[in-house]
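Scroll down for the structure; my scribbles are underneath it.
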Amino acid sequence: MTENAKPRRITPRQITALKGGTPIVCLTAYSAPMARALDRHVDLLLVGDSLGMVLYGMETTLGVSLDMMINHTQAVMRGSKRACVIVDLPFGSFQESPEVAFRNVARVMAETGCSGVKIEGGVEMAPTVAFLVERGVPVQGHVGLKPQSVKAMGGFPVQGKEADAAKAIIADAEAIAAAGAFTLVIENTVEPLARAITARLAIPTIGIGASPACDGQILVTEDILGLSGSTPPRFVKRYAELGPILEAAVRAYADEVKTRRFPDREHCVGAPDAEWLRRTNLVSPRDRSAG
Ligand code: KIV
């Protein structure tokens, strides 16, 4: 690679090869500035449909559209150079049939240049995952708590507590891996279950509220920065409390605007010289008498 060559993005295939090694670092990103800040530190950026709740204030992710996902992914792609960028397929864009899923995925990939897509679902989605993978689409699976099934689940409860439920999640994980997914997100499950799935699968598992035994971890970036506005789930660790810092900065700005301390000389552009003032005739009588 020459010095000026564009750095290549980490590929889904490279992510798969990280199975069992140094844990894979993943975070969500929805905007160019956030992607820029995260890019050097993560292997994978997920444009999660959680953006509906985090950015748009929705109560669930069900109202997120394909257009919203495309717009935010384009921003994340502009802000990042290195990370593998994966797009969450929103509710309604892939469940109907493998063909509809492919049509929507083709649009997402053509319009964003992303590295692949994520699909929520288990056994019932395996044929769709296989259909996409056979047509050249890297797919990340997502089992355990599936936020798009919030209405059926009656909230966001921990998954896999009962033996039958745990067995069903193992079956989901195995079906999605067998369908050719390159990684599998496991969300909000009891720890031994995620550990067992990680041991069984040949592809990396990415935990969110799952287990330190997973091959990688993902969290919602706004949650770890204290910017998501609501009380985060128990599995979130706060690495910063940026909410109060933001609040203090905005309070200081509002105060300075109201008291005319902002903008000051330093923040005014192109202080005019005497000739410019004479030619434009912009000197007010008050300025003249003061000068
Ligand atoms: O939508 C999202 O952000 C996600 C991750 C948290 C896994 O699905």
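In the structure tokens, chains take the letters A, B, ... in the order shown, each chain's residues start at 1, and ligands count up from 1 in the order shown.
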Inset, instruction - Using only C-alpha atoms and all ligand atoms, find each residue with an atom at most 6 Å away from ligand 1 and format the answer as a list of chain:residue names. - result: A:Thr28, A:Gly48, A:Asp49, A:Ser50, A:Leu219, A:Val220
Could the residues in this selection be saved with N, CA and C atoms as a PDB file, in the first residue's frame?
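This went into selection23.pdb:
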ATOM      1  N   THR A  28     -22.340   1.094  18.527  1.00  0.00           N
ATOM      2  CA  THR A  28     -23.281   1.667  17.558  1.00  0.00           C
ATOM      3  C   THR A  28     -22.800   3.060  17.160  1.00  0.00           C
ATOM      4  N   GLY A  48     -27.397   0.832  14.325  1.00  0.00           N
ATOM      5  CA  GLY A  48     -28.485   0.067  14.931  1.00  0.00           C
ATOM      6  C   GLY A  48     -29.818   0.773  14.739  1.00  0.00           C
ATOM      7  N   ASP A  49     -30.895  -0.027  14.658  1.00  0.00           N
ATOM      8  CA  ASP A  49     -32.217   0.618  14.596  1.00  0.00           C
ATOM      9  C   ASP A  49     -32.591   1.181  15.969  1.00  0.00           C
ATOM     10  N   SER A  50     -31.718   0.953  16.957  1.00  0.00           N
ATOM     11  CA  SER A  50     -31.882   1.627  18.253  1.00  0.00           C
ATOM     12  C   SER A  50     -31.889   3.142  18.063  1.00  0.00           C
ATOM     13  N   LEU A 219     -22.244  -2.261  22.678  1.00  0.00           N
ATOM     14  CA  LEU A 219     -23.193  -1.484  23.476  1.00  0.00           C
ATOM     15  C   LEU A 219     -23.630  -0.294  22.625  1.00  0.00           C
ATOM     16  N   VAL A 220     -24.694   0.348  23.046  1.00  0.00           N
ATOM     17  CA  VAL A 220     -25.137   1.576  22.384  1.00  0.00           C
ATOM     18  C   VAL A 220     -24.237   2.710  22.896  1.00  0.00           C
TER      19      VAL A 220
END
Legend entry - 12 Å contact set for Val117 in chain A, only C-alpha atoms, chain neighbours under 2 positions out, as a ChimeraX atom specification: /A:12,44-49,69-70,73,84-90,93-94,101-102,104-109,112-115,119-120,129,132-133,136-142,181-184
Write the residues of the selection above to a file with C-alpha atoms, as a tab-separated table (two decimals), in the first residue's frame.
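Heads up, here's the output in out_15.tsv:
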chain	number	residue	atom	x	y	z
A	12	PRO	CA	-16.78	-9.24	7.68
A	44	LEU	CA	-17.20	-2.92	13.87
A	45	LEU	CA	-19.69	-0.04	13.85
A	46	LEU	CA	-23.35	-0.99	13.89
A	47	VAL	CA	-25.89	1.49	12.58
A	48	GLY	CA	-28.49	0.07	14.93
A	49	ASP	CA	-32.22	0.62	14.60
A	69	MET	CA	-31.30	3.64	8.16
A	70	ILE	CA	-29.87	4.57	4.76
A	73	THR	CA	-25.49	4.84	7.36
A	84	CYS	CA	-16.56	-2.71	9.30
A	85	VAL	CA	-19.96	-0.93	9.04
A	86	ILE	CA	-23.07	-3.07	9.50
A	87	VAL	CA	-26.65	-1.84	9.03
A	88	ASP	CA	-29.57	-3.10	11.06
A	89	LEU	CA	-32.49	-4.02	8.81
A	90	PRO	CA	-35.52	-2.28	10.32
A	93	SER	CA	-38.00	-4.62	5.63
A	94	PHE	CA	-37.06	-8.32	5.68
A	101	ALA	CA	-35.35	-8.81	2.10
A	102	PHE	CA	-32.90	-9.08	-0.79
A	104	ASN	CA	-34.21	-3.95	0.43
A	105	VAL	CA	-30.68	-5.12	1.23
A	106	ALA	CA	-29.58	-4.44	-2.35
A	107	ARG	CA	-30.82	-0.86	-1.96
A	108	VAL	CA	-29.07	-0.44	1.40
A	109	MET	CA	-25.79	-1.76	0.04
A	112	THR	CA	-24.50	3.29	1.46
A	113	GLY	CA	-21.50	1.12	0.55
A	114	CYS	CA	-21.83	-0.61	3.95
A	115	SER	CA	-20.07	-3.92	4.68
A	119	ILE	CA	-31.15	-9.32	10.89
A	120	GLU	CA	-33.06	-9.98	14.10
A	129	VAL	CA	-30.19	-15.33	6.01
A	132	LEU	CA	-28.89	-13.29	1.33
A	133	VAL	CA	-25.57	-15.01	2.07
A	136	GLY	CA	-23.09	-12.28	-1.57
A	137	VAL	CA	-24.46	-10.36	1.41
A	138	PRO	CA	-22.57	-10.62	4.71
A	139	VAL	CA	-25.23	-11.07	7.41
A	140	GLN	CA	-24.91	-10.63	11.16
A	141	GLY	CA	-27.54	-12.53	13.12
A	142	HIS	CA	-29.26	-11.34	16.33
A	181	ALA	CA	-24.07	-15.54	9.19
A	182	PHE	CA	-20.60	-14.06	9.75
A	183	THR	CA	-21.26	-13.17	13.42
A	184	LEU	CA	-24.11	-13.46	15.89
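Nearest-residue note for Gln95 in chain A: choosing from A:Asp273, A:Glu124, A:Glu247, A:Glu174, the minimum distance belongs to A:Glu124, counting only C-alpha atoms.
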Legend entry - Spatial neighbours of Arg36 in chain A, max dist 6 Å, only C-alpha atoms, sep filter under 2 positions, as number ranges by chain: A: 33-34, 38-39, 79-80
Resulting file, chosen residues, N, CA, C and O atoms, as a short mmCIF file (atom, residue, chain, number, x, y, z; two decimals), in the first residue's frame:
data_model
loop_
_atom_site.label_atom_id
_atom_site.label_comp_id
_atom_site.auth_asym_id
_atom_site.auth_seq_id
_atom_site.Cartn_x
_atom_site.Cartn_y
_atom_site.Cartn_z
N PRO A 33 -19.93 12.58 12.91
CA PRO A 33 -18.98 12.93 13.97
C PRO A 33 -18.75 11.80 14.96
O PRO A 33 -17.63 11.58 15.43
N MET A 34 -19.81 11.07 15.30
CA MET A 34 -19.64 9.96 16.25
C MET A 34 -18.80 8.86 15.60
O MET A 34 -17.89 8.31 16.22
N LEU A 38 -15.18 7.19 16.92
CA LEU A 38 -15.09 5.77 17.32
C LEU A 38 -14.19 4.95 16.40
O LEU A 38 -13.65 3.91 16.82
N ASP A 39 -14.06 5.39 15.16
CA ASP A 39 -13.48 4.56 14.09
C ASP A 39 -12.16 3.87 14.45
O ASP A 39 -11.96 2.70 14.15
N GLY A 79 -18.04 9.34 7.94
CA GLY A 79 -17.24 9.65 9.13
C GLY A 79 -16.21 8.59 9.47
O GLY A 79 -15.37 8.80 10.34
N SER A 80 -16.27 7.43 8.83
CA SER A 80 -15.35 6.34 9.20
C SER A 80 -14.57 5.86 7.98
O SER A 80 -15.01 6.05 6.85
#
Inset, instruction - Per DSSP on the backbone, filter range 43-264 of chain A down to the residues in helix (DSSP H, G or I) and report them as a ChimeraX atom specification. - result: /A:51-54,66-79,98-112,123-134,147-153,163-178,191-200,221-224,242-258
Inset, instruction - Excluding range 238-240 of chain A and residues on its chain fewer than 4 positions from it, collect all residues at most 7 Å away from it, counting only C-alpha atoms, and give them as a VMD selection string. - result: chain A and resid 223 to 226
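Going from CA of Ala248 in chain A over to CA of Leu55 in chain A, you cover 20.6 Å.
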Can you tell me, as a JSON list (two decimals) with C-alpha atoms, in the first residue's frame, what residues are no more than 10 Å from Pro127 in chain A when counting only C-alpha atoms, ignoring any on the same chain fewer than 6 positions away?
[["chain", "number", "residue", "atom", "x", "y", "z"],
["A", 97, "SER", "CA", -39.93, -13.03, 2.25],
["A", 98, "PRO", "CA", -36.29, -13.63, 1.32],
["A", 133, "VAL", "CA", -25.57, -15.01, 2.07],
["A", 175, "ALA", "CA", -29.82, -22.15, 12.63],
["A", 176, "ILE", "CA", -28.49, -18.65, 11.94],
["A", 179, "ALA", "CA", -27.36, -20.30, 7.33]]
Inset, instruction - If you run DSSP over the backbone, which residues in range 48-202 of chain A end up strand (DSSP E)? Put them as a PyMOL selection string. - result: chain A and resi 84-88+116-120+139-144+183-187
Output of the above residues as a short mmCIF file (atom, residue, chain, number, x, y, z; two decimals), in the first residue's frame, restricted to N, CA, C and O atoms:
data_model
loop_
_atom_site.label_atom_id
_atom_site.label_comp_id
_atom_site.auth_asym_id
_atom_site.auth_seq_id
_atom_site.Cartn_x
_atom_site.Cartn_y
_atom_site.Cartn_z
N CYS A 84 -15.57 -1.96 10.07
CA CYS A 84 -16.56 -2.71 9.30
C CYS A 84 -17.93 -2.10 9.69
O CYS A 84 -18.27 -2.06 10.87
N VAL A 85 -18.68 -1.59 8.71
CA VAL A 85 -19.96 -0.93 9.04
C VAL A 85 -21.14 -1.84 8.66
O VAL A 85 -21.30 -2.23 7.51
N ILE A 86 -21.93 -2.17 9.67
CA ILE A 86 -23.07 -3.07 9.50
C ILE A 86 -24.36 -2.29 9.76
O ILE A 86 -24.43 -1.49 10.70
N VAL A 87 -25.36 -2.56 8.92
CA VAL A 87 -26.65 -1.84 9.03
C VAL A 87 -27.72 -2.79 9.53
O VAL A 87 -27.93 -3.86 8.96
N ASP A 88 -28.42 -2.36 10.55
CA ASP A 88 -29.57 -3.10 11.06
C ASP A 88 -30.72 -2.99 10.07
O ASP A 88 -31.08 -1.87 9.69
N GLY A 116 -22.22 -4.88 5.33
CA GLY A 116 -23.18 -5.98 5.50
C GLY A 116 -24.37 -5.50 6.30
O GLY A 116 -24.49 -4.31 6.63
N VAL A 117 -25.27 -6.46 6.60
CA VAL A 117 -26.50 -6.10 7.31
C VAL A 117 -26.69 -7.01 8.53
O VAL A 117 -26.11 -8.10 8.60
N LYS A 118 -27.53 -6.55 9.46
CA LYS A 118 -27.89 -7.37 10.62
C LYS A 118 -29.39 -7.65 10.55
O LYS A 118 -30.18 -6.77 10.20
N ILE A 119 -29.74 -8.89 10.90
CA ILE A 119 -31.15 -9.32 10.89
C ILE A 119 -31.50 -9.90 12.25
O ILE A 119 -30.79 -10.77 12.75
N GLU A 120 -32.58 -9.39 12.84
CA GLU A 120 -33.06 -9.98 14.10
C GLU A 120 -33.89 -11.21 13.79
O GLU A 120 -34.76 -11.17 12.91
N VAL A 139 -24.11 -11.28 6.47
CA VAL A 139 -25.23 -11.07 7.41
C VAL A 139 -24.77 -11.36 8.84
O VAL A 139 -24.17 -12.39 9.12
N GLN A 140 -25.10 -10.43 9.72
CA GLN A 140 -24.91 -10.63 11.16
C GLN A 140 -26.27 -11.03 11.74
O GLN A 140 -27.28 -10.36 11.47
N GLY A 141 -26.29 -12.11 12.50
CA GLY A 141 -27.54 -12.53 13.12
C GLY A 141 -27.75 -11.82 14.46
O GLY A 141 -26.85 -11.13 14.96
N HIS A 142 -28.94 -11.99 15.03
CA HIS A 142 -29.26 -11.34 16.33
C HIS A 142 -30.32 -12.18 17.02
O HIS A 142 -31.46 -12.24 16.55
N VAL A 143 -29.92 -12.85 18.10
CA VAL A 143 -30.86 -13.72 18.84
C VAL A 143 -30.91 -13.31 20.32
O VAL A 143 -30.20 -12.41 20.75
N GLY A 144 -31.72 -14.03 21.07
CA GLY A 144 -31.92 -13.67 22.48
C GLY A 144 -33.02 -12.63 22.53
O GLY A 144 -34.09 -12.82 21.93
N THR A 183 -21.34 -13.36 11.96
CA THR A 183 -21.26 -13.17 13.42
C THR A 183 -22.68 -13.27 13.96
O THR A 183 -23.65 -13.16 13.20
N LEU A 184 -22.79 -13.38 15.28
CA LEU A 184 -24.11 -13.46 15.89
C LEU A 184 -24.17 -12.59 17.14
O LEU A 184 -23.39 -12.81 18.08
N VAL A 185 -25.06 -11.62 17.13
CA VAL A 185 -25.30 -10.82 18.33
C VAL A 185 -26.21 -11.63 19.26
O VAL A 185 -27.23 -12.18 18.82
N ILE A 186 -25.84 -11.70 20.54
CA ILE A 186 -26.70 -12.34 21.55
C ILE A 186 -27.05 -11.25 22.56
O ILE A 186 -26.17 -10.68 23.21
N GLU A 187 -28.36 -10.95 22.68
CA GLU A 187 -28.75 -9.83 23.54
C GLU A 187 -29.52 -10.28 24.78
O GLU A 187 -30.46 -11.09 24.68
#
Could you give me, as a PDB file with all heavy atoms, in the first residue's frame, the residues within 8 Å of Arg9 in chain A, counting only C-alpha atoms and dropping anything in the same chain fewer than 6 positions from it?
ATOM      1  N   LYS A  81     -13.388   5.288   8.269  1.00  0.00           N
ATOM      2  CA  LYS A  81     -12.542   4.796   7.171  1.00  0.00           C
ATOM      3  C   LYS A  81     -12.187   3.337   7.361  1.00  0.00           C
ATOM      4  O   LYS A  81     -11.872   2.624   6.441  1.00  0.00           O
ATOM      5  CB  LYS A  81     -11.204   5.558   7.177  1.00  0.00           C
ATOM      6  CG  LYS A  81     -11.264   7.000   6.863  1.00  0.00           C
ATOM      7  CD  LYS A  81      -9.828   7.486   6.672  1.00  0.00           C
ATOM      8  CE  LYS A  81      -9.772   8.996   6.669  1.00  0.00           C
ATOM      9  NZ  LYS A  81      -9.032   9.560   7.764  1.00  0.00           N
ATOM     10  N   ARG A  82     -12.139   2.917   8.633  1.00  0.00           N
ATOM     11  CA  ARG A  82     -11.490   1.670   8.972  1.00  0.00           C
ATOM     12  C   ARG A  82     -12.460   0.578   9.420  1.00  0.00           C
ATOM     13  O   ARG A  82     -12.318  -0.586   9.046  1.00  0.00           O
ATOM     14  CB  ARG A  82     -10.495   2.013  10.100  1.00  0.00           C
ATOM     15  CG  ARG A  82      -9.672   0.886  10.575  1.00  0.00           C
ATOM     16  CD  ARG A  82      -8.795   1.324  11.737  1.00  0.00           C
ATOM     17  NE  ARG A  82      -8.372   0.146  12.434  1.00  0.00           N
ATOM     18  CZ  ARG A  82      -9.061  -0.454  13.379  1.00  0.00           C
ATOM     19  NH1 ARG A  82     -10.210   0.048  13.791  1.00  0.00           N
ATOM     20  NH2 ARG A  82      -8.615  -1.548  13.924  1.00  0.00           N
ATOM     21  N   ALA A  83     -13.452   0.959  10.193  1.00  0.00           N
ATOM     22  CA  ALA A  83     -14.341  -0.041  10.811  1.00  0.00           C
ATOM     23  C   ALA A  83     -15.223  -0.730   9.774  1.00  0.00           C
ATOM     24  O   ALA A  83     -15.582  -0.144   8.750  1.00  0.00           O
ATOM     25  CB  ALA A  83     -15.221   0.632  11.851  1.00  0.00           C
ATOM     26  N   CYS A  84     -15.566  -1.959  10.066  1.00  0.00           N
ATOM     27  CA  CYS A  84     -16.562  -2.705   9.304  1.00  0.00           C
ATOM     28  C   CYS A  84     -17.930  -2.103   9.688  1.00  0.00           C
ATOM     29  O   CYS A  84     -18.272  -2.060  10.872  1.00  0.00           O
ATOM     30  CB  CYS A  84     -16.469  -4.165   9.749  1.00  0.00           C
ATOM     31  SG  CYS A  84     -17.625  -5.274   8.977  1.00  0.00           S
TER      32      CYS A  84
END
Inset, instruction - Excluding Ala166 in chain A and any residue of its chain fewer than 3 positions from it, enumerate the residues within 9 Å of it, using only C-alpha atoms, and give them as a list in words. - result: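 Near Ala166 in chain A, the qualifying residues are Gly144, Gln159, Gly160, Lys161, Glu162, Ala163, Ile169, Ile170, Ala171, Thr189, Val190 and Leu193 of chain A.
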Selection file, N, CA, C and O atoms, as a short mmCIF file (atom, residue, chain, number, x, y, z; two decimals), in the first residue's frame:
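Listing of result.cif after writing:
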data_model
loop_
_atom_site.label_atom_id
_atom_site.label_comp_id
_atom_site.auth_asym_id
_atom_site.auth_seq_id
_atom_site.Cartn_x
_atom_site.Cartn_y
_atom_site.Cartn_z
N GLY A 144 -31.72 -14.03 21.07
CA GLY A 144 -31.92 -13.67 22.48
C GLY A 144 -33.02 -12.63 22.53
O GLY A 144 -34.09 -12.82 21.93
N GLN A 159 -33.66 -13.02 28.57
CA GLN A 159 -34.07 -14.21 27.81
C GLN A 159 -33.32 -15.45 28.28
O GLN A 159 -32.16 -15.38 28.69
N GLY A 160 -33.99 -16.60 28.16
CA GLY A 160 -33.32 -17.89 28.37
C GLY A 160 -33.29 -18.36 29.81
O GLY A 160 -32.48 -19.23 30.16
N LYS A 161 -34.17 -17.81 30.65
CA LYS A 161 -34.16 -18.21 32.07
C LYS A 161 -34.67 -19.64 32.23
O LYS A 161 -34.15 -20.41 33.01
N GLU A 162 -35.74 -19.96 31.52
CA GLU A 162 -36.31 -21.31 31.61
C GLU A 162 -35.57 -22.23 30.64
O GLU A 162 -35.10 -21.78 29.59
N ALA A 163 -35.51 -23.52 30.99
CA ALA A 163 -34.76 -24.49 30.17
C ALA A 163 -35.28 -24.52 28.73
O ALA A 163 -34.48 -24.53 27.78
N ILE A 169 -33.30 -20.74 22.18
CA ILE A 169 -32.30 -19.74 21.76
C ILE A 169 -31.07 -20.44 21.17
O ILE A 169 -30.48 -19.97 20.19
N ILE A 170 -30.71 -21.58 21.74
CA ILE A 170 -29.59 -22.35 21.16
C ILE A 170 -29.94 -22.79 19.73
O ILE A 170 -29.14 -22.67 18.80
N ALA A 171 -31.19 -23.25 19.56
CA ALA A 171 -31.63 -23.67 18.21
C ALA A 171 -31.58 -22.48 17.25
O ALA A 171 -31.15 -22.60 16.10
N THR A 189 -29.32 -12.16 27.57
CA THR A 189 -29.64 -13.55 27.95
C THR A 189 -28.88 -13.87 29.23
O THR A 189 -27.91 -13.20 29.59
N VAL A 190 -29.31 -14.95 29.88
CA VAL A 190 -28.57 -15.39 31.07
C VAL A 190 -27.16 -15.79 30.63
O VAL A 190 -26.95 -16.31 29.53
N LEU A 193 -25.94 -19.29 29.19
CA LEU A 193 -26.49 -19.61 27.87
C LEU A 193 -25.60 -19.01 26.78
O LEU A 193 -25.22 -19.69 25.81
#
